[in-house]
>>> print(open('upload_31.tsv').read())   # TSV, C-alpha atoms
chain	number	residue	atom	x	y	z
B	1200	GLY	CA	-16.99	-119.22	-112.26
B	1201	VAL	CA	-16.82	-121.77	-109.51
B	1202	SER	CA	-19.78	-124.11	-109.62
B	1203	GLY	CA	-21.16	-125.94	-106.61
B	1204	PRO	CA	-23.98	-125.48	-104.14
B	1205	ALA	CA	-24.80	-121.86	-103.30
B	1206	PRO	CA	-24.59	-121.05	-99.60
B	1207	SER	CA	-28.09	-121.05	-98.16
B	1208	PRO	CA	-29.28	-117.97	-96.27
B	1209	PRO	CA	-29.46	-118.36	-92.50
B	1210	ALA	CA	-32.81	-119.51	-91.17
B	1211	GLY	CA	-35.10	-117.02	-89.48
B	1212	GLU	CA	-36.99	-114.27	-91.22
B	1213	GLU	CA	-37.87	-115.07	-94.79
B	1214	GLU	CA	-35.43	-113.38	-97.12
B	1215	ALA	CA	-36.81	-110.87	-99.58
B	1216	PRO	CA	-35.26	-111.23	-103.02
B	1217	ALA	CA	-32.22	-108.95	-102.90
B	1218	ALA	CA	-32.49	-105.75	-104.92
B	1219	GLY	CA	-29.01	-106.01	-106.37
B	1220	GLY	CA	-26.12	-107.06	-104.19
B	1221	GLY	CA	-24.59	-105.50	-101.12
B	1222	VAL	CA	-24.43	-101.77	-100.54
B	1223	ALA	CA	-26.08	-100.83	-103.83
B	1224	GLY	CA	-29.05	-102.97	-102.86
B	1225	ALA	CA	-29.14	-101.31	-99.44
B	1226	ILE	CA	-29.07	-97.83	-101.00
B	1227	LYS	CA	-31.94	-98.72	-103.33
B	1228	LEU	CA	-33.98	-99.99	-100.36
B	1229	ILE	CA	-33.23	-96.83	-98.37
B	1230	GLN	CA	-34.41	-94.65	-101.25
B	1231	GLU	CA	-37.59	-96.73	-101.51
B	1232	ALA	CA	-38.08	-96.35	-97.75
B	1233	LEU	CA	-37.77	-92.56	-98.02
B	1234	THR	CA	-40.30	-92.46	-100.86
B	1235	ALA	CA	-42.69	-94.69	-98.91
B	1236	ASP	CA	-42.29	-92.40	-95.89
B	1237	GLN	CA	-43.03	-89.26	-97.93
B	1238	GLU	CA	-46.13	-90.92	-99.37
B	1239	GLY	CA	-47.31	-91.95	-95.91
B	1240	ARG	CA	-46.80	-95.71	-96.36
B	1241	LEU	CA	-45.17	-96.23	-92.97
B	1242	ASP	CA	-45.38	-100.04	-92.97
B	1243	GLU	CA	-43.47	-100.13	-96.23
B	1244	CYS	CA	-40.92	-97.61	-94.95
B	1245	ILE	CA	-40.29	-99.86	-91.93
B	1246	GLU	CA	-40.01	-102.99	-94.09
B	1247	LYS	CA	-37.51	-101.43	-96.58
B	1248	ASP	CA	-35.34	-99.86	-93.86
B	1249	ARG	CA	-35.19	-103.19	-91.99
B	1250	ALA	CA	-34.18	-104.98	-95.20
B	1251	ALA	CA	-31.44	-102.40	-95.84
B	1252	LEU	CA	-30.15	-102.75	-92.28
B	1253	LYS	CA	-29.85	-106.52	-92.77
B	1254	ILE	CA	-27.42	-105.79	-95.60
B	1255	GLU	CA	-25.46	-103.17	-93.70
B	1256	GLU	CA	-25.84	-101.56	-90.28
B	1257	MET	CA	-26.12	-97.81	-90.83
B	1258	PRO	CA	-27.10	-95.62	-87.91
B	1259	ARG	CA	-28.79	-92.98	-90.10
B	1260	THR	CA	-31.00	-95.65	-91.68
B	1261	ARG	CA	-31.79	-96.99	-88.22
B	1262	LEU	CA	-32.83	-93.48	-87.15
B	1263	HIS	CA	-35.09	-93.18	-90.19
B	1264	LEU	CA	-36.57	-96.58	-89.30
B	1265	ALA	CA	-37.18	-95.33	-85.73
B	1266	SER	CA	-38.88	-92.23	-87.12
B	1267	CYS	CA	-41.28	-94.28	-89.29
B	1268	GLU	CA	-41.95	-96.65	-86.39
B	1269	SER	CA	-42.70	-93.84	-83.98
B	1270	ARG	CA	-45.19	-92.22	-86.39
B	1271	ASN	CA	-46.75	-95.65	-86.89
B	1272	GLN	CA	-47.35	-95.82	-83.11
B	1273	LYS	CA	-44.70	-98.55	-82.72
B	1274	LEU	CA	-42.94	-96.65	-79.96
B	1275	VAL	CA	-41.28	-99.63	-78.29
B	1276	ASP	CA	-39.58	-100.70	-81.55
B	1277	ALA	CA	-38.71	-97.07	-82.31
B	1278	LEU	CA	-36.99	-96.72	-78.94
B	1279	LYS	CA	-34.96	-99.93	-79.47
B	1280	ASP	CA	-33.86	-98.72	-82.91
B	1281	ALA	CA	-32.99	-95.22	-81.69
B	1282	GLN	CA	-30.92	-96.75	-78.87
B	1283	LYS	CA	-29.16	-99.04	-81.34
B	1284	ALA	CA	-28.43	-96.06	-83.66
B	1285	LEU	CA	-26.96	-94.23	-80.67
B	1286	GLU	CA	-24.68	-97.19	-79.82
B	1287	VAL	CA	-23.44	-97.46	-83.41
B	1288	GLY	CA	-23.06	-93.67	-83.62
B	1289	ILE	CA	-20.87	-93.75	-80.51
B	1290	GLN	CA	-18.76	-96.62	-81.92
B	1291	LYS	CA	-18.29	-94.74	-85.19
B	1292	ARG	CA	-17.77	-91.42	-83.38
B	1293	ASP	CA	-20.48	-89.87	-85.56
B	1294	ALA	CA	-21.39	-86.70	-83.64
B	1295	ALA	CA	-24.41	-85.83	-85.80
B	1296	VAL	CA	-25.96	-89.28	-85.36
B	1297	MET	CA	-25.23	-89.23	-81.61
B	1298	LYS	CA	-26.97	-85.88	-81.19
B	1299	VAL	CA	-30.11	-86.87	-83.15
B	1300	ALA	CA	-30.26	-90.33	-81.55
B	1301	ARG	CA	-29.97	-88.94	-77.99
B	1302	THR	CA	-32.84	-86.52	-78.65
B	1303	ARG	CA	-34.95	-89.26	-80.25
B	1304	VAL	CA	-34.34	-91.67	-77.36
B	1305	LYS	CA	-35.31	-89.00	-74.81
B	1306	GLU	CA	-38.50	-88.04	-76.71
B	1307	LEU	CA	-39.54	-91.68	-77.05
B	1308	LEU	CA	-38.90	-92.45	-73.39
B	1309	GLU	CA	-41.26	-89.60	-72.51
B	1310	ARG	CA	-43.98	-90.73	-74.96
B	1311	ILE	CA	-44.07	-94.47	-74.30
B	1312	PRO	CA	-47.05	-95.71	-72.25
B	1313	HIS	CA	-46.63	-98.43	-69.63
B	1314	VAL	CA	-48.77	-101.15	-68.17
B	1315	THR	CA	-48.68	-102.77	-64.77
B	1316	PHE	CA	-50.94	-105.43	-63.29
B	1317	VAL	CA	-52.60	-105.74	-59.90
B	1318	PRO	CA	-53.19	-109.48	-59.44
B	1319	PRO	CA	-56.09	-110.62	-57.26
B	1320	PRO	CA	-55.02	-111.51	-53.71
B	1321	GLY	CA	-54.67	-115.15	-52.82
B	1322	VAL	CA	-54.72	-116.57	-56.36
B	1323	LYS	CA	-51.64	-118.77	-56.69
B	1324	ASP	CA	-52.10	-120.09	-60.23
B	1325	ILE	CA	-52.75	-116.86	-62.12
B	1326	SER	CA	-51.68	-116.68	-65.75
B	1327	VAL	CA	-51.87	-113.37	-67.62
B	1328	ARG	CA	-51.58	-112.70	-71.34
B	1329	PHE	CA	-51.13	-109.22	-72.78
B	1330	ASP	CA	-51.95	-109.16	-76.52
B	1331	ASP	CA	-51.44	-112.94	-76.53
B	1332	ARG	CA	-47.98	-112.65	-74.96
B	1333	PRO	CA	-47.59	-114.33	-71.57
B	1334	VAL	CA	-46.60	-112.03	-68.69
B	1335	PRO	CA	-44.39	-113.81	-66.11
B	1336	SER	CA	-46.46	-114.03	-62.93
B	1337	ASP	CA	-43.53	-112.96	-60.74
B	1338	ALA	CA	-43.24	-109.74	-62.80
B	1339	LEU	CA	-46.90	-108.66	-62.91
B	1340	THR	CA	-46.37	-105.66	-60.64
B	1341	LYS	CA	-43.47	-104.29	-62.72
B	1342	LYS	CA	-44.02	-101.60	-65.36
B	1343	PHE	CA	-43.83	-102.78	-68.98
B	1344	SER	CA	-43.29	-100.46	-71.94
B	1345	ILE	CA	-46.09	-100.82	-74.50
B	1346	ASP	CA	-47.22	-99.09	-77.67
B	1347	PRO	CA	-50.19	-96.74	-77.62
B	1348	GLY	CA	-53.39	-98.11	-79.11
B	1349	LYS	CA	-55.67	-101.06	-78.49
B	1350	HIS	CA	-54.58	-103.90	-76.21
B	1351	LYS	CA	-56.25	-106.95	-74.75
B	1352	VAL	CA	-55.62	-108.57	-71.38
B	1353	VAL	CA	-56.72	-112.13	-70.63
B	1354	ALA	CA	-56.12	-113.71	-67.23
B	1355	GLU	CA	-56.99	-117.12	-65.81
B	1356	GLY	CA	-56.71	-118.66	-62.39
B	1357	SER	CA	-58.76	-120.53	-59.84
B	1358	VAL	CA	-60.94	-118.99	-57.19
B	1359	ASN	CA	-62.09	-121.36	-54.42
B	1360	GLY	CA	-61.06	-124.27	-56.62
B	1361	PHE	CA	-63.06	-123.11	-59.63
B	1362	PRO	CA	-61.50	-121.89	-62.87
B	1363	ALA	CA	-62.09	-118.18	-63.33
B	1364	THR	CA	-61.23	-115.71	-66.06
B	1365	PHE	CA	-60.74	-112.00	-66.75
B	1366	THR	CA	-60.85	-110.42	-70.22
B	1367	GLU	CA	-60.63	-106.71	-70.89
B	1368	ASP	CA	-59.83	-104.43	-73.82
B	1369	TYR	CA	-57.98	-101.16	-73.33
B	1370	ASP	CA	-57.22	-98.17	-75.50
B	1371	VAL	CA	-53.95	-96.71	-74.26
B	1372	ARG	CA	-52.75	-93.18	-74.94
B	1373	GLU	CA	-49.17	-91.96	-75.12
B	1374	LYS	CA	-47.51	-91.32	-71.71
B	1375	GLU	CA	-50.31	-93.21	-69.94
B	1376	LEU	CA	-49.67	-95.70	-67.15
B	1377	LEU	CA	-52.35	-98.36	-67.48
B	1378	THR	CA	-53.01	-100.19	-64.23
B	1379	VAL	CA	-54.88	-103.43	-64.93
B	1380	ARG	CA	-56.74	-104.60	-61.83
B	1381	ILE	CA	-57.38	-108.26	-62.46
B	1382	THR	CA	-60.67	-109.46	-61.01
B	1383	LEU	CA	-61.26	-113.12	-61.78
B	1384	LYS	CA	-64.88	-114.10	-62.30
B	1385	PRO	CA	-66.03	-117.71	-62.24
B	1386	PRO	CA	-67.79	-118.78	-65.46
B	1387	ALA	CA	-71.50	-117.93	-65.40
>>> encode(input="upload_31.tsv", output="structure tokens")
Amino acid sequence: GVSGPAPSPPAGEEEAPAAGGGVAGAIKLIQEALTADQEGRLDECIEKDRAALKIEEMPRTRLHLASCESRNQKLVDALKDAQKALEVGIQKRDAAVMKVARTRVKELLERIPHVTFVPPPGVKDISVRFDDRPVPSDALTKKFSIDPGKHKVVAEGSVNGFPATFTEDYDVREKELLTVRITLKPPA
């Protein structure tokens, strides 16, 4: 065997200890993902499928991942993964994958809720955060794809030279378009 420093894994997500090398490891992870799915542990299903896909890109695994994500109300991730499976299916000319992926993408597009914001007139310095993610102020009136479930909107700006805020919680259903009308209130 050749000694010497082992190549270090690329930075980024923390690496799970590999379950055996290469494809065998991926297959084991996929089987564990299927078991987790059958037993209703969707988070674990998502985690194992993602780990398997890091080892090797397989469109069928990506479709299974999308299925677990969609049942776990992570529709935006599910859509991305279904679209990616479709791309890979097309590259590999895998008709079965293409057919399933197209259907999945269409279903998800119909289910995904959206949010749009109505900023208060005349406030130049508005900053909006959706679930702690900043929304670019020039894009507030666009429609953003979001997952169903609970979301929080926090906005800040100045009204007549005074700092003012807006905080609201929402519970969004599938297919819903949430219109957030931001009304800044000066601190009491």
>>> residues_around(input="upload_31.tsv", residues="range 1365-1369 of chain B", least_positions_apart="5", cutoff="12 Å", atoms="only C-alpha atoms", output="VMD selection string")
chain B and resid 1314 1318 to 1319 1325 to 1331 1345 to 1358 1375 to 1386
>>> write_last_selection(input="upload_31.tsv", atoms="C-alpha atoms", output="short mmCIF file (atom, residue, chain, number, x, y, z; two decimals), keeping the file's coordinate frame")
data_model
loop_
_atom_site.label_atom_id
_atom_site.label_comp_id
_atom_site.auth_asym_id
_atom_site.auth_seq_id
_atom_site.Cartn_x
_atom_site.Cartn_y
_atom_site.Cartn_z
CA VAL B 1314 -48.77 -101.15 -68.17
CA PRO B 1318 -53.19 -109.48 -59.44
CA PRO B 1319 -56.09 -110.62 -57.26
CA ILE B 1325 -52.75 -116.86 -62.12
CA SER B 1326 -51.68 -116.68 -65.75
CA VAL B 1327 -51.87 -113.37 -67.62
CA ARG B 1328 -51.58 -112.70 -71.34
CA PHE B 1329 -51.13 -109.22 -72.78
CA ASP B 1330 -51.95 -109.16 -76.52
CA ASP B 1331 -51.44 -112.94 -76.53
CA ILE B 1345 -46.09 -100.82 -74.50
CA ASP B 1346 -47.22 -99.09 -77.67
CA PRO B 1347 -50.19 -96.74 -77.62
CA GLY B 1348 -53.39 -98.11 -79.11
CA LYS B 1349 -55.67 -101.06 -78.49
CA HIS B 1350 -54.58 -103.90 -76.21
CA LYS B 1351 -56.25 -106.95 -74.75
CA VAL B 1352 -55.62 -108.57 -71.38
CA VAL B 1353 -56.72 -112.13 -70.63
CA ALA B 1354 -56.12 -113.71 -67.23
CA GLU B 1355 -56.99 -117.12 -65.81
CA GLY B 1356 -56.71 -118.66 -62.39
CA SER B 1357 -58.76 -120.53 -59.84
CA VAL B 1358 -60.94 -118.99 -57.19
CA GLU B 1375 -50.31 -93.21 -69.94
CA LEU B 1376 -49.67 -95.70 -67.15
CA LEU B 1377 -52.35 -98.36 -67.48
CA THR B 1378 -53.01 -100.19 -64.23
CA VAL B 1379 -54.88 -103.43 -64.93
CA ARG B 1380 -56.74 -104.60 -61.83
CA ILE B 1381 -57.38 -108.26 -62.46
CA THR B 1382 -60.67 -109.46 -61.01
CA LEU B 1383 -61.26 -113.12 -61.78
CA LYS B 1384 -64.88 -114.10 -62.30
CA PRO B 1385 -66.03 -117.71 -62.24
CA PRO B 1386 -67.79 -118.78 -65.46
#
>>> residues_near_point(input="upload_31.tsv", point="(-44.6, -100.2, -92.5)", cutoff="12 Å", atoms="all atoms listed in the file", output="tab-separated table (two decimals) with C-alpha atoms, in the frame of the given file")
chain	number	residue	atom	x	y	z
B	1231	GLU	CA	-37.59	-96.73	-101.51
B	1232	ALA	CA	-38.08	-96.35	-97.75
B	1233	LEU	CA	-37.77	-92.56	-98.02
B	1235	ALA	CA	-42.69	-94.69	-98.91
B	1236	ASP	CA	-42.29	-92.40	-95.89
B	1238	GLU	CA	-46.13	-90.92	-99.37
B	1239	GLY	CA	-47.31	-91.95	-95.91
B	1240	ARG	CA	-46.80	-95.71	-96.36
B	1241	LEU	CA	-45.17	-96.23	-92.97
B	1242	ASP	CA	-45.38	-100.04	-92.97
B	1243	GLU	CA	-43.47	-100.13	-96.23
B	1244	CYS	CA	-40.92	-97.61	-94.95
B	1245	ILE	CA	-40.29	-99.86	-91.93
B	1246	GLU	CA	-40.01	-102.99	-94.09
B	1247	LYS	CA	-37.51	-101.43	-96.58
B	1248	ASP	CA	-35.34	-99.86	-93.86
B	1249	ARG	CA	-35.19	-103.19	-91.99
B	1250	ALA	CA	-34.18	-104.98	-95.20
B	1264	LEU	CA	-36.57	-96.58	-89.30
B	1265	ALA	CA	-37.18	-95.33	-85.73
B	1266	SER	CA	-38.88	-92.23	-87.12
B	1267	CYS	CA	-41.28	-94.28	-89.29
B	1268	GLU	CA	-41.95	-96.65	-86.39
B	1269	SER	CA	-42.70	-93.84	-83.98
B	1270	ARG	CA	-45.19	-92.22	-86.39
B	1271	ASN	CA	-46.75	-95.65	-86.89
B	1272	GLN	CA	-47.35	-95.82	-83.11
B	1273	LYS	CA	-44.70	-98.55	-82.72
>>> closest_residue(input="upload_31.tsv", among="B:Lys1374, B:Lys1298, B:Lys1341, B:Lys1253", to="Arg1310 in chain B", atoms="all atoms listed in the file")
B:Lys1374
>>> residues_around(input="upload_31.tsv", residues="Glu1309 in chain B", least_positions_apart="6", cutoff="12 Å", atoms="only C-alpha atoms", output="compact mmCIF listing (two decimals) with C-alpha atoms, in the frame of the given file")
# COMPACT_ATOMS: atom_id res chain seq x y z
CA LEU B 1274 -42.94 -96.65 -79.96
CA VAL B 1275 -41.28 -99.63 -78.29
CA LEU B 1278 -36.99 -96.72 -78.94
CA THR B 1302 -32.84 -86.52 -78.65
CA ARG B 1303 -34.95 -89.26 -80.25
CA SER B 1344 -43.29 -100.46 -71.94
CA GLU B 1373 -49.17 -91.96 -75.12
CA LYS B 1374 -47.51 -91.32 -71.71
CA GLU B 1375 -50.31 -93.21 -69.94
CA LEU B 1376 -49.67 -95.70 -67.15
>>> atom_distance(input="upload_31.tsv", atom1="CA of Ile1311 in chain B", atom2="CA of Asp1276 in chain B")
10.6 Å
>>> atom_distance(input="upload_31.tsv", atom1="CA of Ala1387 in chain B", atom2="CA of Lys1323 in chain B")
21.7 Å
>>> decode(input="upload_31.tsv", residues="range 1246-1275 of chain B", atoms="N, CA and C atoms", output="mmCIF file, in the first residue's frame")
data_model
loop_
_atom_site.group_PDB
_atom_site.id
_atom_site.type_symbol
_atom_site.label_atom_id
_atom_site.label_comp_id
_atom_site.auth_asym_id
_atom_site.auth_seq_id
_atom_site.Cartn_x
_atom_site.Cartn_y
_atom_site.Cartn_z
ATOM 1 N N GLU B 1246 -32.240 12.234 4.548
ATOM 2 C CA GLU B 1246 -30.809 12.260 4.887
ATOM 3 C C GLU B 1246 -30.041 11.135 4.158
ATOM 4 N N LYS B 1247 -30.600 9.903 4.192
ATOM 5 C CA LYS B 1247 -29.905 8.752 3.576
ATOM 6 C C LYS B 1247 -29.865 8.890 2.049
ATOM 7 N N ASP B 1248 -30.976 9.320 1.455
ATOM 8 C CA ASP B 1248 -30.982 9.495 -0.007
ATOM 9 C C ASP B 1248 -29.960 10.554 -0.419
ATOM 10 N N ARG B 1249 -29.902 11.654 0.338
ATOM 11 C CA ARG B 1249 -28.938 12.718 -0.001
ATOM 12 C C ARG B 1249 -27.512 12.185 0.086
ATOM 13 N N ALA B 1250 -27.241 11.385 1.125
ATOM 14 C CA ALA B 1250 -25.897 10.821 1.293
ATOM 15 C C ALA B 1250 -25.563 9.892 0.120
ATOM 16 N N ALA B 1251 -26.539 9.090 -0.303
ATOM 17 C CA ALA B 1251 -26.317 8.178 -1.431
ATOM 18 C C ALA B 1251 -26.055 8.966 -2.714
ATOM 19 N N LEU B 1252 -26.778 10.059 -2.901
ATOM 20 C CA LEU B 1252 -26.620 10.867 -4.114
ATOM 21 C C LEU B 1252 -25.275 11.574 -4.152
ATOM 22 N N LYS B 1253 -24.671 11.804 -2.966
ATOM 23 C CA LYS B 1253 -23.327 12.392 -2.946
ATOM 24 C C LYS B 1253 -22.324 11.393 -3.506
ATOM 25 N N ILE B 1254 -22.583 10.104 -3.276
ATOM 26 C CA ILE B 1254 -21.681 9.070 -3.776
ATOM 27 C C ILE B 1254 -21.885 8.895 -5.284
ATOM 28 N N GLU B 1255 -23.145 8.827 -5.678
ATOM 29 C CA GLU B 1255 -23.417 8.658 -7.115
ATOM 30 C C GLU B 1255 -24.773 9.248 -7.452
ATOM 31 N N GLU B 1256 -24.816 10.016 -8.539
ATOM 32 C CA GLU B 1256 -26.067 10.646 -8.973
ATOM 33 C C GLU B 1256 -26.941 9.604 -9.672
ATOM 34 N N MET B 1257 -28.066 9.257 -9.054
ATOM 35 C CA MET B 1257 -28.978 8.282 -9.645
ATOM 36 C C MET B 1257 -30.375 8.884 -9.673
ATOM 37 N N PRO B 1258 -30.935 9.036 -10.861
ATOM 38 C CA PRO B 1258 -32.219 9.727 -10.946
ATOM 39 C C PRO B 1258 -33.348 9.044 -10.156
ATOM 40 N N ARG B 1259 -33.320 7.713 -10.075
ATOM 41 C CA ARG B 1259 -34.391 7.034 -9.318
ATOM 42 C C ARG B 1259 -34.289 7.355 -7.828
ATOM 43 N N THR B 1260 -33.059 7.429 -7.325
ATOM 44 C CA THR B 1260 -32.860 7.799 -5.918
ATOM 45 C C THR B 1260 -33.310 9.236 -5.706
ATOM 46 N N ARG B 1261 -33.017 10.098 -6.671
ATOM 47 C CA ARG B 1261 -33.409 11.500 -6.536
ATOM 48 C C ARG B 1261 -34.940 11.619 -6.534
ATOM 49 N N LEU B 1262 -35.604 10.779 -7.305
ATOM 50 C CA LEU B 1262 -37.075 10.781 -7.307
ATOM 51 C C LEU B 1262 -37.617 10.298 -5.960
ATOM 52 N N HIS B 1263 -36.966 9.291 -5.386
ATOM 53 C CA HIS B 1263 -37.402 8.810 -4.071
ATOM 54 C C HIS B 1263 -37.197 9.912 -3.035
ATOM 55 N N LEU B 1264 -36.064 10.608 -3.131
ATOM 56 C CA LEU B 1264 -35.785 11.738 -2.242
ATOM 57 C C LEU B 1264 -36.905 12.783 -2.380
ATOM 58 N N ALA B 1265 -37.265 13.104 -3.628
ATOM 59 C CA ALA B 1265 -38.321 14.100 -3.872
ATOM 60 C C ALA B 1265 -39.642 13.642 -3.256
ATOM 61 N N SER B 1266 -39.904 12.340 -3.321
ATOM 62 C CA SER B 1266 -41.146 11.809 -2.769
ATOM 63 C C SER B 1266 -41.168 11.979 -1.247
ATOM 64 N N CYS B 1267 -40.057 11.650 -0.573
ATOM 65 C CA CYS B 1267 -39.990 11.822 0.889
ATOM 66 C C CYS B 1267 -40.094 13.305 1.254
ATOM 67 N N GLU B 1268 -39.424 14.159 0.469
ATOM 68 C CA GLU B 1268 -39.472 15.595 0.751
ATOM 69 C C GLU B 1268 -40.899 16.122 0.598
ATOM 70 N N SER B 1269 -41.586 15.669 -0.441
ATOM 71 C CA SER B 1269 -42.910 16.227 -0.680
ATOM 72 C C SER B 1269 -43.882 15.793 0.420
ATOM 73 N N ARG B 1270 -43.731 14.564 0.927
ATOM 74 C CA ARG B 1270 -44.614 14.126 2.020
ATOM 75 C C ARG B 1270 -44.206 14.762 3.342
ATOM 76 N N ASN B 1271 -43.007 15.296 3.398
ATOM 77 C CA ASN B 1271 -42.525 15.980 4.602
ATOM 78 C C ASN B 1271 -42.784 17.489 4.502
ATOM 79 N N GLN B 1272 -43.624 17.872 3.536
ATOM 80 C CA GLN B 1272 -44.012 19.269 3.303
ATOM 81 C C GLN B 1272 -42.840 20.139 2.849
ATOM 82 N N LYS B 1273 -41.766 19.514 2.341
ATOM 83 C CA LYS B 1273 -40.650 20.296 1.802
ATOM 84 C C LYS B 1273 -40.813 20.334 0.279
ATOM 85 N N LEU B 1274 -41.839 21.063 -0.164
ATOM 86 C CA LEU B 1274 -42.220 21.009 -1.576
ATOM 87 C C LEU B 1274 -41.203 21.689 -2.484
ATOM 88 N N VAL B 1275 -40.569 22.748 -1.979
ATOM 89 C CA VAL B 1275 -39.610 23.472 -2.816
ATOM 90 C C VAL B 1275 -38.395 22.585 -3.115
#
